[in-house]
Structure formats: C-alpha cells, structure tokens
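Here is the file my_file.pdb (PDB, C-alpha atoms and all ligand atoms).
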```
MODEL        1
ATOM      1  CA  MET Q   1       0.000   0.000   0.000
ATOM      2  CA  ILE Q   2       1.278   3.520  -0.825
ATOM      3  CA  PRO Q   3       1.961   5.498   2.406
ATOM      4  CA  THR Q   4      -0.097   8.703   2.644
ATOM      5  CA  MET Q   5       0.188  11.864   4.706
ATOM      6  CA  SER Q   6      -3.324  11.300   6.081
ATOM      7  CA  ASP Q   7      -2.959   7.725   7.312
ATOM      8  CA  ARG Q   8      -0.364   7.919  10.064
ATOM      9  CA  ASP Q   9      -0.098   7.581  13.800
ATOM     10  CA  GLY Q  10       0.552  10.721  15.815
ATOM     11  CA  LEU Q  11      -1.065  13.982  16.874
ATOM     12  CA  ILE Q  12      -1.780  17.179  14.965
ATOM     13  CA  TRP Q  13      -2.601  20.490  16.666
ATOM     14  CA  LEU Q  14      -5.898  21.662  15.193
ATOM     15  CA  ASP Q  15      -7.558  24.921  16.284
ATOM     16  CA  GLY Q  16      -6.070  24.751  19.762
ATOM     17  CA  LYS Q  17      -6.247  21.003  20.488
ATOM     18  CA  LEU Q  18      -3.996  18.026  19.885
ATOM     19  CA  THR Q  19      -6.074  15.778  17.615
ATOM     20  CA  ALA Q  20      -5.483  12.208  16.464
ATOM     21  CA  TRP Q  21      -3.615  12.383  13.110
ATOM     22  CA  ARG Q  22      -6.321  10.511  11.164
ATOM     23  CA  ASP Q  23      -9.099  12.743  12.573
ATOM     24  CA  ALA Q  24      -7.494  16.066  11.543
ATOM     25  CA  LYS Q  25      -9.808  16.620   8.558
ATOM     26  CA  ILE Q  26     -11.552  19.452   6.720
ATOM     27  CA  HIS Q  27     -14.776  19.418   4.695
ATOM     28  CA  VAL Q  28     -14.586  19.245   0.872
ATOM     29  CA  LEU Q  29     -16.450  22.575   0.637
ATOM     30  CA  THR Q  30     -13.754  24.510   2.489
ATOM     31  CA  HIS Q  31     -12.957  27.979   1.136
ATOM     32  CA  GLY Q  32      -9.216  27.401   1.556
ATOM     33  CA  LEU Q  33      -9.376  24.489  -0.882
ATOM     34  CA  HIS Q  34     -11.447  26.153  -3.616
ATOM     35  CA  TYR Q  35     -10.155  29.737  -3.544
ATOM     36  CA  SER Q  36      -6.557  29.267  -2.311
ATOM     37  CA  SER Q  37      -7.241  31.109   0.955
ATOM     38  CA  CYS Q  38      -4.505  29.154   2.657
ATOM     39  CA  VAL Q  39      -1.080  30.188   3.963
ATOM     40  CA  PHE Q  40       1.564  28.034   5.561
ATOM     41  CA  GLU Q  41       5.060  27.757   6.972
ATOM     42  CA  GLY Q  42       7.889  25.278   6.770
ATOM     43  CA  ILE Q  43      10.023  25.087   9.895
ATOM     44  CA  ARG Q  44      12.888  22.795  10.778
ATOM     45  CA  ALA Q  45      13.560  21.340  14.243
ATOM     46  CA  TYR Q  46      17.162  20.396  14.951
ATOM     47  CA  GLU Q  47      17.931  18.309  18.022
ATOM     48  CA  GLY Q  48      14.441  19.043  19.354
ATOM     49  CA  HIS Q  49      14.447  22.829  18.871
ATOM     50  CA  CYS Q  50      13.083  24.855  15.977
ATOM     51  CA  PHE Q  51      15.325  27.327  14.188
ATOM     52  CA  ARG Q  52      13.862  30.887  14.195
ATOM     53  CA  LEU Q  53      10.476  29.538  15.295
ATOM     54  CA  ALA Q  54       8.992  32.904  16.301
ATOM     55  CA  ASP Q  55      10.152  34.468  13.001
ATOM     56  CA  HIS Q  56       8.346  31.747  11.070
ATOM     57  CA  MET Q  57       5.166  32.243  13.123
ATOM     58  CA  GLU Q  58       5.366  36.003  12.549
ATOM     59  CA  ARG Q  59       5.641  35.345   8.824
ATOM     60  CA  LEU Q  60       2.619  33.014   9.067
ATOM     61  CA  LEU Q  61       0.544  35.828  10.590
ATOM     62  CA  PHE Q  62       1.921  38.284   7.997
ATOM     63  CA  SER Q  63       0.981  35.914   5.150
ATOM     64  CA  ALA Q  64      -2.500  35.408   6.635
ATOM     65  CA  GLY Q  65      -2.925  39.198   6.878
ATOM     66  CA  CYS Q  66      -2.006  39.520   3.186
ATOM     67  CA  LEU Q  67      -5.030  37.272   2.468
ATOM     68  CA  ASP Q  68      -7.390  39.207   4.785
ATOM     69  CA  MET Q  69      -7.298  36.434   7.384
ATOM     70  CA  LYS Q  70      -7.069  37.301  11.087
ATOM     71  CA  VAL Q  71      -5.443  34.375  12.870
ATOM     72  CA  PRO Q  72      -7.139  33.674  16.226
ATOM     73  CA  PHE Q  73      -3.804  32.842  17.941
ATOM     74  CA  THR Q  74      -0.749  34.924  18.850
ATOM     75  CA  VAL Q  75       2.841  34.195  17.829
ATOM     76  CA  ASN Q  76       3.575  33.013  21.389
ATOM     77  CA  GLU Q  77       0.585  30.671  21.399
ATOM     78  CA  LEU Q  78       1.698  29.186  18.080
ATOM     79  CA  VAL Q  79       5.268  28.797  19.336
ATOM     80  CA  ASP Q  80       3.969  26.922  22.416
ATOM     81  CA  ALA Q  81       1.667  24.798  20.255
ATOM     82  CA  THR Q  82       4.617  23.801  18.039
ATOM     83  CA  LYS Q  83       6.624  22.704  21.068
ATOM     84  CA  LYS Q  84       3.634  20.616  22.198
ATOM     85  CA  VAL Q  85       3.394  18.970  18.776
ATOM     86  CA  LEU Q  86       7.094  18.042  18.776
ATOM     87  CA  ALA Q  87       6.897  16.647  22.310
ATOM     88  CA  ALA Q  88       3.625  14.762  21.743
ATOM     89  CA  ASN Q  89       5.056  13.093  18.646
ATOM     90  CA  LYS Q  90       8.491  12.516  20.253
ATOM     91  CA  LEU Q  91      10.188  14.317  17.357
ATOM     92  CA  VAL Q  92      13.772  15.554  17.487
ATOM     93  CA  ASP Q  93      14.888  16.289  13.909
ATOM     94  CA  ALA Q  94      11.716  17.235  12.146
ATOM     95  CA  TYR Q  95       9.858  19.350   9.634
ATOM     96  CA  VAL Q  96       6.993  21.408  11.052
ATOM     97  CA  ARG Q  97       4.108  22.544   8.850
ATOM     98  CA  PRO Q  98       1.795  25.196  10.370
ATOM     99  CA  PHE Q  99      -1.055  26.378   8.131
ATOM    100  CA  VAL Q 100      -4.013  28.710   8.209
ATOM    101  CA  TRP Q 101      -7.127  28.533   6.057
ATOM    102  CA  ARG Q 102     -10.572  30.035   5.589
ATOM    103  CA  GLY Q 103     -13.348  27.689   6.678
ATOM    104  CA  SER Q 104     -16.473  26.295   5.030
ATOM    105  CA  GLU Q 105     -19.323  28.612   6.168
ATOM    106  CA  GLN Q 106     -19.640  30.295   2.772
ATOM    107  CA  LEU Q 107     -18.335  29.026  -0.547
ATOM    108  CA  ALA Q 108     -17.992  32.088  -2.752
ATOM    109  CA  ALA Q 109     -14.962  34.161  -3.676
ATOM    110  CA  ALA Q 110     -15.942  36.729  -1.039
ATOM    111  CA  ALA Q 111     -16.330  35.110   2.351
ATOM    112  CA  PRO Q 112     -15.258  37.792   4.824
ATOM    113  CA  ASN Q 113     -17.071  36.233   7.796
ATOM    114  CA  ASN Q 114     -15.827  32.681   7.419
ATOM    115  CA  THR Q 115     -13.958  31.282  10.402
ATOM    116  CA  ILE Q 116     -10.160  31.109  10.221
ATOM    117  CA  HIS Q 117      -8.533  27.807  11.174
ATOM    118  CA  VAL Q 118      -5.013  26.890  12.185
ATOM    119  CA  SER Q 119      -3.229  23.588  12.256
ATOM    120  CA  ILE Q 120       0.330  22.463  13.049
ATOM    121  CA  ALA Q 121       1.661  19.093  11.942
ATOM    122  CA  ALA Q 122       5.205  17.750  12.207
ATOM    123  CA  TRP Q 123       7.081  14.689  11.020
ATOM    124  CA  ALA Q 124      10.616  13.334  11.030
ATOM    125  CA  MET Q 125      12.492  14.747   8.081
ATOM    126  CA  PRO Q 126      15.682  13.800   6.319
ATOM    127  CA  ASN Q 127      17.225  16.273   3.820
ATOM    128  CA  TYR Q 128      14.879  17.758   1.195
ATOM    129  CA  PHE Q 129      17.356  16.894  -1.552
ATOM    130  CA  ASP Q 130      18.755  13.496  -0.575
ATOM    131  CA  ALA Q 131      22.131  13.611   1.166
ATOM    132  CA  ILE Q 132      24.057  12.376  -1.882
ATOM    133  CA  ALA Q 133      22.353  14.899  -4.181
ATOM    134  CA  LYS Q 134      23.099  17.591  -1.616
ATOM    135  CA  ALA Q 135      26.801  16.754  -1.480
ATOM    136  CA  LYS Q 136      27.011  16.489  -5.282
ATOM    137  CA  GLY Q 137      24.892  19.551  -5.944
ATOM    138  CA  ILE Q 138      21.623  19.833  -7.821
ATOM    139  CA  ARG Q 139      20.920  20.327 -11.522
ATOM    140  CA  LEU Q 140      18.433  23.021 -12.465
ATOM    141  CA  GLN Q 141      16.568  23.749 -15.651
ATOM    142  CA  VAL Q 142      15.068  27.157 -16.381
ATOM    143  CA  GLY Q 143      11.345  26.905 -15.676
ATOM    144  CA  GLU Q 144       8.769  28.116 -18.158
ATOM    145  CA  TRP Q 145       6.778  30.099 -15.552
ATOM    146  CA  ARG Q 146       7.626  33.593 -14.264
ATOM    147  CA  ARG Q 147       7.273  35.046 -10.762
ATOM    148  CA  PRO Q 148       4.778  37.922 -11.180
ATOM    149  CA  PRO Q 149       5.293  41.532  -9.977
ATOM    150  CA  LYS Q 150       3.947  42.629  -6.609
ATOM    151  CA  SER Q 151       1.161  44.509  -8.378
ATOM    152  CA  CYS Q 152      -0.225  41.105  -9.442
ATOM    153  CA  GLY Q 153      -0.641  39.371  -6.103
ATOM    154  CA  PRO Q 154       0.641  38.815  -2.565
ATOM    155  CA  VAL Q 155       4.120  37.838  -3.787
ATOM    156  CA  HIS Q 156       5.737  38.063  -0.330
ATOM    157  CA  ALA Q 157       3.170  35.852   1.369
ATOM    158  CA  LYS Q 158       3.835  32.159   1.777
ATOM    159  CA  CYS Q 159       0.406  31.382   0.343
ATOM    160  CA  SER Q 160      -0.674  28.259  -1.492
ATOM    161  CA  ALA Q 161      -1.654  30.256  -4.620
ATOM    162  CA  ASN Q 162       2.015  31.113  -5.196
ATOM    163  CA  TYR Q 163       2.845  27.401  -5.297
ATOM    164  CA  THR Q 164       0.858  26.595  -8.439
ATOM    165  CA  ILE Q 165       3.876  27.389 -10.579
ATOM    166  CA  THR Q 166       6.204  25.744  -8.042
ATOM    167  CA  THR Q 167       4.426  22.421  -8.539
ATOM    168  CA  LEU Q 168       4.201  22.772 -12.322
ATOM    169  CA  ALA Q 169       7.836  23.808 -12.757
ATOM    170  CA  LYS Q 170       9.106  21.113 -10.412
ATOM    171  CA  HIS Q 171       7.012  18.374 -12.060
ATOM    172  CA  ARG Q 172       8.447  19.339 -15.446
ATOM    173  CA  ALA Q 173      12.023  19.535 -14.126
ATOM    174  CA  LEU Q 174      11.792  16.082 -12.520
ATOM    175  CA  ALA Q 175      10.169  14.565 -15.620
ATOM    176  CA  GLN Q 176      13.049  15.895 -17.730
ATOM    177  CA  GLY Q 177      15.762  14.520 -15.429
ATOM    178  CA  PHE Q 178      16.607  17.696 -13.451
ATOM    179  CA  ASP Q 179      16.400  18.178  -9.685
ATOM    180  CA  ASP Q 180      14.552  21.486  -9.715
ATOM    181  CA  ALA Q 181      13.781  24.616 -11.759
ATOM    182  CA  LEU Q 182      15.115  28.149 -11.693
ATOM    183  CA  LEU Q 183      12.235  30.608 -11.978
ATOM    184  CA  LEU Q 184      12.756  33.945 -13.699
ATOM    185  CA  ASP Q 185      10.732  37.005 -12.750
ATOM    186  CA  TRP Q 186       8.194  38.833 -14.911
ATOM    187  CA  GLU Q 187      11.042  40.888 -16.445
ATOM    188  CA  ASP Q 188      13.061  37.740 -17.272
ATOM    189  CA  ASN Q 189      15.639  38.298 -14.528
ATOM    190  CA  VAL Q 190      16.634  35.525 -12.138
ATOM    191  CA  ALA Q 191      14.138  35.222  -9.250
ATOM    192  CA  GLU Q 192      14.454  32.021  -7.209
ATOM    193  CA  VAL Q 193      14.178  28.249  -7.348
ATOM    194  CA  THR Q 194      10.709  26.694  -6.950
ATOM    195  CA  ALA Q 195      10.934  26.518  -3.126
ATOM    196  CA  ALA Q 196      14.300  28.094  -2.294
ATOM    197  CA  ASN Q 197      16.236  31.316  -2.845
ATOM    198  CA  ILE Q 198      19.386  31.458  -4.962
ATOM    199  CA  PHE Q 199      22.893  32.927  -4.600
ATOM    200  CA  PHE Q 200      25.767  33.216  -7.090
ATOM    201  CA  VAL Q 201      29.447  33.579  -6.169
ATOM    202  CA  HIS Q 202      32.211  35.678  -7.669
ATOM    203  CA  ASN Q 203      35.416  35.652  -5.550
ATOM    204  CA  ARG Q 204      34.108  36.445  -2.043
ATOM    205  CA  GLU Q 205      31.073  38.291  -3.348
ATOM    206  CA  LEU Q 206      27.592  36.796  -3.103
ATOM    207  CA  HIS Q 207      25.125  38.048  -5.700
ATOM    208  CA  THR Q 208      21.442  37.366  -5.111
ATOM    209  CA  PRO Q 209      18.265  38.785  -6.663
ATOM    210  CA  ARG Q 210      16.472  41.473  -4.654
ATOM    211  CA  ALA Q 211      13.460  39.831  -3.019
ATOM    212  CA  ASP Q 212      10.962  42.208  -4.591
ATOM    213  CA  CYS Q 213       8.624  39.678  -6.232
ATOM    214  CA  PHE Q 214       9.166  36.446  -4.309
ATOM    215  CA  LEU Q 215       9.490  35.085  -0.789
ATOM    216  CA  ASN Q 216      12.331  36.696   1.155
ATOM    217  CA  GLY Q 217      13.362  33.423   2.788
ATOM    218  CA  ILE Q 218      14.355  33.260   6.432
ATOM    219  CA  THR Q 219      17.332  31.123   5.364
ATOM    220  CA  ARG Q 220      18.229  33.771   2.753
ATOM    221  CA  GLN Q 221      18.167  36.468   5.454
ATOM    222  CA  THR Q 222      20.248  34.242   7.764
ATOM    223  CA  VAL Q 223      22.833  33.612   5.018
ATOM    224  CA  ILE Q 224      23.102  37.339   4.289
ATOM    225  CA  GLU Q 225      23.795  37.982   8.007
ATOM    226  CA  LEU Q 226      26.307  35.115   8.221
ATOM    227  CA  ALA Q 227      28.131  36.197   5.038
ATOM    228  CA  GLY Q 228      28.554  39.695   6.470
ATOM    229  CA  LYS Q 229      30.241  38.197   9.538
ATOM    230  CA  MET Q 230      32.466  36.022   7.314
ATOM    231  CA  SER Q 231      33.861  39.031   5.422
ATOM    232  CA  MET Q 232      31.920  38.242   2.277
ATOM    233  CA  GLN Q 233      30.180  41.015   0.418
ATOM    234  CA  VAL Q 234      26.508  40.484  -0.393
ATOM    235  CA  ILE Q 235      25.083  42.292  -3.408
ATOM    236  CA  GLU Q 236      21.303  42.229  -3.854
ATOM    237  CA  ARG Q 237      20.467  43.270  -7.395
ATOM    238  CA  ARG Q 238      18.768  42.370 -10.655
ATOM    239  CA  ILE Q 239      20.601  39.430 -12.255
ATOM    240  CA  ALA Q 240      20.042  38.682 -15.941
ATOM    241  CA  PRO Q 241      20.402  35.041 -17.081
ATOM    242  CA  THR Q 242      23.051  36.206 -19.600
ATOM    243  CA  GLU Q 243      25.330  37.182 -16.680
ATOM    244  CA  LEU Q 244      25.413  33.762 -15.054
ATOM    245  CA  SER Q 245      28.520  32.527 -16.911
ATOM    246  CA  GLN Q 246      30.705  34.941 -14.895
ATOM    247  CA  PHE Q 247      29.933  33.092 -11.637
ATOM    248  CA  THR Q 248      31.997  30.147 -10.443
ATOM    249  CA  GLU Q 249      29.612  28.924  -7.781
ATOM    250  CA  CYS Q 250      25.893  28.830  -7.134
ATOM    251  CA  PHE Q 251      23.798  27.561  -4.222
ATOM    252  CA  VAL Q 252      20.198  27.607  -3.034
ATOM    253  CA  THR Q 253      18.871  28.360   0.446
ATOM    254  CA  GLY Q 254      15.708  27.300   2.219
ATOM    255  CA  THR Q 255      14.450  25.803   5.449
ATOM    256  CA  ALA Q 256      14.058  22.402   3.823
ATOM    257  CA  SER Q 257      16.935  22.561   1.330
ATOM    258  CA  GLU Q 258      19.267  24.363   3.805
ATOM    259  CA  ILE Q 259      22.409  25.305   1.810
ATOM    260  CA  THR Q 260      22.533  23.149  -1.310
ATOM    261  CA  PRO Q 261      25.097  23.707  -4.063
ATOM    262  CA  VAL Q 262      23.923  23.963  -7.671
ATOM    263  CA  THR Q 263      25.990  21.991 -10.185
ATOM    264  CA  SER Q 264      24.397  23.379 -13.327
ATOM    265  CA  ILE Q 265      21.623  25.535 -14.729
ATOM    266  CA  GLY Q 266      20.781  24.194 -18.173
ATOM    267  CA  ASP Q 267      24.132  23.887 -19.985
ATOM    268  CA  LEU Q 268      25.994  26.190 -17.604
ATOM    269  CA  SER Q 269      28.195  24.544 -14.946
ATOM    270  CA  PHE Q 270      29.087  25.850 -11.502
ATOM    271  CA  PRO Q 271      32.061  23.733 -10.383
ATOM    272  CA  GLY Q 272      33.051  25.755  -7.275
ATOM    273  CA  ARG Q 273      32.119  24.633  -3.774
ATOM    274  CA  SER Q 274      34.413  26.578  -1.432
ATOM    275  CA  ILE Q 275      32.090  29.461  -0.525
ATOM    276  CA  SER Q 276      28.947  27.332  -0.321
ATOM    277  CA  SER Q 277      30.811  24.867   1.939
ATOM    278  CA  GLU Q 278      31.886  27.715   4.221
ATOM    279  CA  ILE Q 279      28.333  29.058   4.374
ATOM    280  CA  ASP Q 280      26.934  25.545   4.846
ATOM    281  CA  ALA Q 281      29.261  24.882   7.800
ATOM    282  CA  ALA Q 282      28.329  28.192   9.446
ATOM    283  CA  TYR Q 283      24.608  27.615   8.835
ATOM    284  CA  SER Q 284      24.698  24.019  10.147
ATOM    285  CA  ALA Q 285      26.454  25.212  13.307
ATOM    286  CA  LEU Q 286      24.023  28.100  13.797
ATOM    287  CA  VAL Q 287      20.805  26.073  13.445
ATOM    288  CA  ARG Q 288      22.079  23.642  16.049
ATOM    289  CA  LYS Q 289      23.560  26.278  18.353
ATOM    290  CA  ALA Q 290      20.253  28.127  18.289
ATOM    291  CA  SER Q 291      18.720  24.948  19.755
TER
HETATM  292  N1  LIG Q 301      10.952  30.657  -1.909
HETATM  293  C1  LIG Q 301       9.926  29.791  -1.869
HETATM  294  C2  LIG Q 301       8.892  29.838  -2.939
HETATM  295  C3  LIG Q 301       9.834  28.854  -0.828
HETATM  296  O1  LIG Q 301       8.815  27.989  -0.787
HETATM  297  C4  LIG Q 301      10.820  28.833   0.172
HETATM  298  C5  LIG Q 301      10.730  27.822   1.277
HETATM  299  N2  LIG Q 301       9.918  28.290   2.313
HETATM  300  C6  LIG Q 301      11.873  29.769   0.090
HETATM  301  C7  LIG Q 301      11.906  30.670  -0.955
HETATM  302  C8  LIG Q 301      12.904  29.836   1.187
HETATM  303  O2  LIG Q 301      12.281  30.335   2.358
HETATM  304  P1  LIG Q 301      12.807  29.940   3.811
HETATM  305  O3  LIG Q 301      14.262  30.167   3.806
HETATM  306  O4  LIG Q 301      12.079  30.889   4.707
HETATM  307  O5  LIG Q 301      12.455  28.529   4.027
ENDMDL
END
```
Render the structure in this file as structure tokens.
Amino acid sequence: MIPTMSDRDGLIWLDGKLTAWRDAKIHVLTHGLHYSSCVFEGIRAYEGHCFRLADHMERLLFSAGCLDMKVPFTVNELVDATKKVLAANKLVDAYVRPFVWRGSEQLAAAAPNNTIHVSIAAWAMPNYFDAIAKAKGIRLQVGEWRRPPKSCGPVHAKCSANYTITTLAKHRALAQGFDDALLLDWEDNVAEVTAANIFFVHNRELHTPRADCFLNGITRQTVIELAGKMSMQVIERRIAPTELSQFTECFVTGTASEITPVTSIGDLSFPGRSISSEIDAAYSALVRKAS
C-alpha cells in the first residue's frame, strides 16, 4: 500500500487542540481548498528545537494578513503549540508545517465572515534533496513560468496560490531529469528556485536577486547575516540570465533545502564549492547552536 500523509499515527494540533492524526480533517467545501485562501510555513527542528520559530510564526501571521485572514492565535501561542506537537510526537529532527485557512461557512470568492482555522503538523524529516544529491549539488533547468510583480498578487506571502507554478515547474524539471527549476521574474531576470532562494558567487562576493517579487526566505536572510560576519560582500540586485557565466559557484537556500550547491543551470556549470561549503558549515552550526 502507498503510504499517505493522512494515514499515520501521531497527533496534529488543530484549532487549539492536539487531535489524532487521522481525525485532523476538513470538509470538501472549504474555502481554503477552492479559492486558495490558505497560507503556511515550513520550519525545521534540529535536536528538538526549531530554528527561528517565532520568526516563522510572525511570517505566518503576515501571510495570513495579506489574504485578509485574522489568525485567532498569537505568535507566542503558536510557538507553544509547536513545542507541544514536537513533544507529543516525540520528534527531534523534524519538519513542522503550520497552516491557516478560511473555513467552510460560505463558498464564494468573497467570504469575509468565514472562520479562520489553524493547524500544526510535524514529522521526522531527512534532507529535502537526498544527502548524496546535496553533497554532489543539484541540476536546475530554467522553468517556463515567471514570478509575477507585486502589483499582481501577494508575492511576499507564503500562500498556497504562489505554489501553483512551483508544482508545475518542479514536475516538469523532474520529468526531464533535473532536480529542480530556476524561476525567472516577470522581467526575465533571475528570481528564485521553486521553493528556495538562490545565490551566485564571484570571488568572495555573493550576488542574489532582490526579493521584490518572491518570498524573502528566512534562510536567505540568515545567510546574508552570516556572510557579512564572514567578510563576504553580499550584493542584492537584478541578475540577468546572460550574466550567469561569470559566476563560479551557485547555491540555493531554504528551510528544507538548507544550503545546497547547484551543479548546473541548463548547460551552464558551476564547479566551485568553497564558498557554499563555508556558508553551509556556518549555517549548520548556527541552526544547532540556536537549539
Ligand atoms: N521561496 C519559496 C517559494 C519557498 O517555498 C521557500 C521555502 N519556504 C523559500 C523561498 C525559502 O524560504 P525559507 O528560507 O524561509 O524557508
């Protein structure tokens, strides 16, 4: 039998209560399912403690606000709930998925009075890209979809609507033998990878796109802070695909993917590893020290 996310042992925090995993259900006529009124987070627990947990919960509330949803819990309450979920499921190294959605009272595009629901689930998690792929680096293709400008949607929210092109681009990349896809922005500059931010290296300079039309990842912000302390210069700017051949190294950042080197984008190779290894070592130490 194929294992599913719904048929597992364990407990999920649902609207304030720990609920048996198999009973944590929503109705098929839920607004969040039909109209994408759903926001979420991805958090990583290392040695039993979550890295930047409160920052992730603040972003969850920010994302919900972008979709006109008032979350009926505070950041502190959500932080405590996450700790309960980890303890109840005896998880140490885990992925935590909090999410917020509009309920099922009214099923129409406008549903301002629908109830807002919150859930937090967690499960043991190995690396997002398997350990061998991570050490070797990942191969990207350029995706066919563009990240839209901020005038076209809540581009800084971690909302499910923004993941339509993530899923499509990643499906296509995997089907064509790549590990993931690089997404360009609406002006054809480099934006990010489907679920991670991207950095390019030239000597001790890190070049990364300005996060003006995509998620400004918490890992991205952490890497920028770490690089500053490691006497690397970080330059946030527009990066055209035609410029990529000048870079010797490339890596992606994200809660799930951590610091993962990129081997190639299409036909272009990035053989260097020295800067991404330095950043990876500093990041790995920090996420565990923060524990
Ligand atoms: N962009 C997208 C679209 C993502 O899904 C993620 C993963 N949350 C990131 C960037 C990286 O964000 P973070 O470092 O906060 O995990």
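The gap separating atom CA of Q:Val71 from atom CA of Q:Phe51 is 22.0 Å, in Å to one decimal.
Restricting the calculation to all atoms listed in the file, the smallest distance between ligand LIG 301 (chain Q) and any of Q:Trp145, Q:Tyr46, Q:Phe214, Q:Tyr95 is found for Q:Phe214.
Between Q:Ala281 and the candidates Q:Met5, Q:Ile26, Q:Leu226, Q:Leu11, the tightest atom-to-atom separation, counting all atoms listed in the file, involves Q:Leu226.
The residue that comes closest to Q:Val118, out of Q:Leu215, Q:Ala175, Q:Leu18, Q:Leu244 and on the basis of all atoms listed in the file, is Q:Leu18.
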Cut-off 9 Å: closest chain Q/ligand LIG 301 (chain Q) atom pairs per residue, using all atoms listed in the file, as a tab-separated table:
```
residue	atom	partner	partner_atom	distance
Q:Phe40	CA	Q:LIG301	N2	9.0
Q:Glu41	CA	Q:LIG301	N2	6.8
Q:Gly42	CA	Q:LIG301	N2	5.7
Q:Ile43	CA	Q:LIG301	O5	7.2
Q:Arg44	CA	Q:LIG301	O5	8.9
Q:His56	CA	Q:LIG301	O4	7.4
Q:Arg59	CA	Q:LIG301	O4	8.8
Q:Lys158	CA	Q:LIG301	O1	7.0
Q:Asn162	CA	Q:LIG301	C2	7.3
Q:Tyr163	CA	Q:LIG301	C2	6.9
Q:Thr166	CA	Q:LIG301	C2	7.1
Q:Glu192	CA	Q:LIG301	N1	6.5
Q:Val193	CA	Q:LIG301	N1	6.8
Q:Thr194	CA	Q:LIG301	C2	5.4
Q:Ala195	CA	Q:LIG301	C3	3.5
Q:Ala196	CA	Q:LIG301	C7	3.8
Q:Asn197	CA	Q:LIG301	C7	4.8
Q:Ile198	CA	Q:LIG301	C7	8.5
Q:Phe214	CA	Q:LIG301	N1	6.5
Q:Leu215	CA	Q:LIG301	N1	4.8
Q:Asn216	CA	Q:LIG301	C7	6.4
Q:Gly217	CA	Q:LIG301	O2	3.3
Q:Ile218	CA	Q:LIG301	O4	3.7
Q:Thr219	CA	Q:LIG301	O3	3.6
Q:Arg220	CA	Q:LIG301	O3	5.5
Q:Gln221	CA	Q:LIG301	O3	7.6
Q:Thr222	CA	Q:LIG301	O3	8.3
Q:Val252	CA	Q:LIG301	C8	8.7
Q:Thr253	CA	Q:LIG301	O3	6.0
Q:Gly254	CA	Q:LIG301	O3	3.6
Q:Thr255	CA	Q:LIG301	O5	3.7
Q:Ala256	CA	Q:LIG301	O5	6.3
Q:Ser257	CA	Q:LIG301	O5	7.9
Q:Glu258	CA	Q:LIG301	O3	7.7
```
Run the PyMOL selection byres (((chain Q and resi 107) around 6) and not hetatm) on the file and write out the hits as a ChimeraX atom specification.
/Q:31,106,108
Just-selected residues, C-alpha atoms written as a compact mmCIF listing (two decimals), keeping the file's coordinate frame:
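The resulting file, again.txt, is shown below:
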```txt
# COMPACT_ATOMS: atom_id res chain seq x y z
CA HIS Q 31 -12.96 27.98 1.14
CA GLN Q 106 -19.64 30.30 2.77
CA ALA Q 108 -17.99 32.09 -2.75
```
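Compared by their closest atoms to Q:Ser284, and using all atoms listed in the file, the residues Q:Asp212, Q:Asp267, Q:Glu47, Q:Asp80 rank with Q:Glu47 nearest.
Between atom CA of Q:Thr260 and atom CA of Q:Ala282 there is a distance of 13.2 Å.
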Report the residues retrieved by the PyMOL selection byres (((chain Q and resi 207) around 9) and not hetatm) from the displayed file, expressed as a PyMOL selection string.
chain Q and resi 198-202+205-206+208-209+233-237+239
Identify all residues satisfying the PyMOL selection byres (((chain Q and resi 187) around 9) and not hetatm) in the given file; provide them as JSON, numbers by chain.
{"Q": [146, 147, 148, 149, 184, 185, 186, 188, 189, 190]}
Work out how far apart atom CA of Q:Gln141 and atom CA of Q:Arg210 are and give it in Å to one decimal.
20.9 Å
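Residue nearest Q:Lys150, chosen from Q:Val28, Q:Cys213, Q:Leu61, Q:Leu78 and counting all atoms listed in the file: Q:Cys213.
Neighbouring residues of Q:Arg102 at 8 Å or closer, counting all atoms listed in the file and skipping chain neighbours under 2 positions away, are Thr30, His31, Gly32, Ser37, Cys38, Met69, Val100, Ser104, Asn114, Thr115, Ile116 and His117 of chain Q.
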Within 12 Å of (-2.8, 26.8, -8.6), all atoms listed in the file: residues as a count of residues only?
17
Min atom-atom distance to Q:Asn89 from the set Q:Ala20, Q:Met57, Q:Val142, Q:Cys152, counting all atoms listed in the file, belongs to Q:Ala20
Can you fill out stretch 12-22 of chain Q with N, CA, C and O atoms and hand it back as an mmCIF file, in the frame of the given file?
```cif
data_model
loop_
_atom_site.group_PDB
_atom_site.id
_atom_site.type_symbol
_atom_site.label_atom_id
_atom_site.label_comp_id
_atom_site.auth_asym_id
_atom_site.auth_seq_id
_atom_site.Cartn_x
_atom_site.Cartn_y
_atom_site.Cartn_z
ATOM 1 N N ILE Q 12 -1.864 15.900 15.681
ATOM 2 C CA ILE Q 12 -1.780 17.179 14.965
ATOM 3 C C ILE Q 12 -2.537 18.215 15.786
ATOM 4 O O ILE Q 12 -3.630 17.931 16.299
ATOM 5 N N TRP Q 13 -1.930 19.391 15.946
ATOM 6 C CA TRP Q 13 -2.601 20.490 16.666
ATOM 7 C C TRP Q 13 -3.583 21.137 15.703
ATOM 8 O O TRP Q 13 -3.188 21.586 14.621
ATOM 9 N N LEU Q 14 -4.863 21.130 16.085
ATOM 10 C CA LEU Q 14 -5.898 21.662 15.193
ATOM 11 C C LEU Q 14 -6.780 22.615 15.985
ATOM 12 O O LEU Q 14 -7.451 22.187 16.947
ATOM 13 N N ASP Q 15 -6.733 23.894 15.631
ATOM 14 C CA ASP Q 15 -7.558 24.921 16.284
ATOM 15 C C ASP Q 15 -7.470 24.848 17.813
ATOM 16 O O ASP Q 15 -8.489 24.922 18.509
ATOM 17 N N GLY Q 16 -6.261 24.662 18.311
ATOM 18 C CA GLY Q 16 -6.070 24.751 19.762
ATOM 19 C C GLY Q 16 -5.990 23.421 20.485
ATOM 20 O O GLY Q 16 -5.717 23.402 21.692
ATOM 21 N N LYS Q 17 -6.245 22.307 19.790
ATOM 22 C CA LYS Q 17 -6.247 21.003 20.488
ATOM 23 C C LYS Q 17 -5.396 19.975 19.753
ATOM 24 O O LYS Q 17 -5.408 19.924 18.512
ATOM 25 N N LEU Q 18 -4.692 19.156 20.505
ATOM 26 C CA LEU Q 18 -3.996 18.026 19.885
ATOM 27 C C LEU Q 18 -5.057 17.009 19.474
ATOM 28 O O LEU Q 18 -5.901 16.606 20.288
ATOM 29 N N THR Q 19 -5.029 16.622 18.200
ATOM 30 C CA THR Q 19 -6.074 15.778 17.615
ATOM 31 C C THR Q 19 -5.400 14.551 17.006
ATOM 32 O O THR Q 19 -4.293 14.670 16.473
ATOM 33 N N ALA Q 20 -6.059 13.413 17.084
ATOM 34 C CA ALA Q 20 -5.483 12.208 16.464
ATOM 35 C C ALA Q 20 -5.220 12.491 14.981
ATOM 36 O O ALA Q 20 -6.054 13.099 14.293
ATOM 37 N N TRP Q 21 -4.058 12.069 14.494
ATOM 38 C CA TRP Q 21 -3.615 12.383 13.110
ATOM 39 C C TRP Q 21 -4.713 12.092 12.080
ATOM 40 O O TRP Q 21 -5.047 12.920 11.233
ATOM 41 N N ARG Q 22 -5.334 10.920 12.188
ATOM 42 C CA ARG Q 22 -6.321 10.511 11.164
ATOM 43 C C ARG Q 22 -7.629 11.290 11.268
ATOM 44 O O ARG Q 22 -8.436 11.275 10.360
#
```
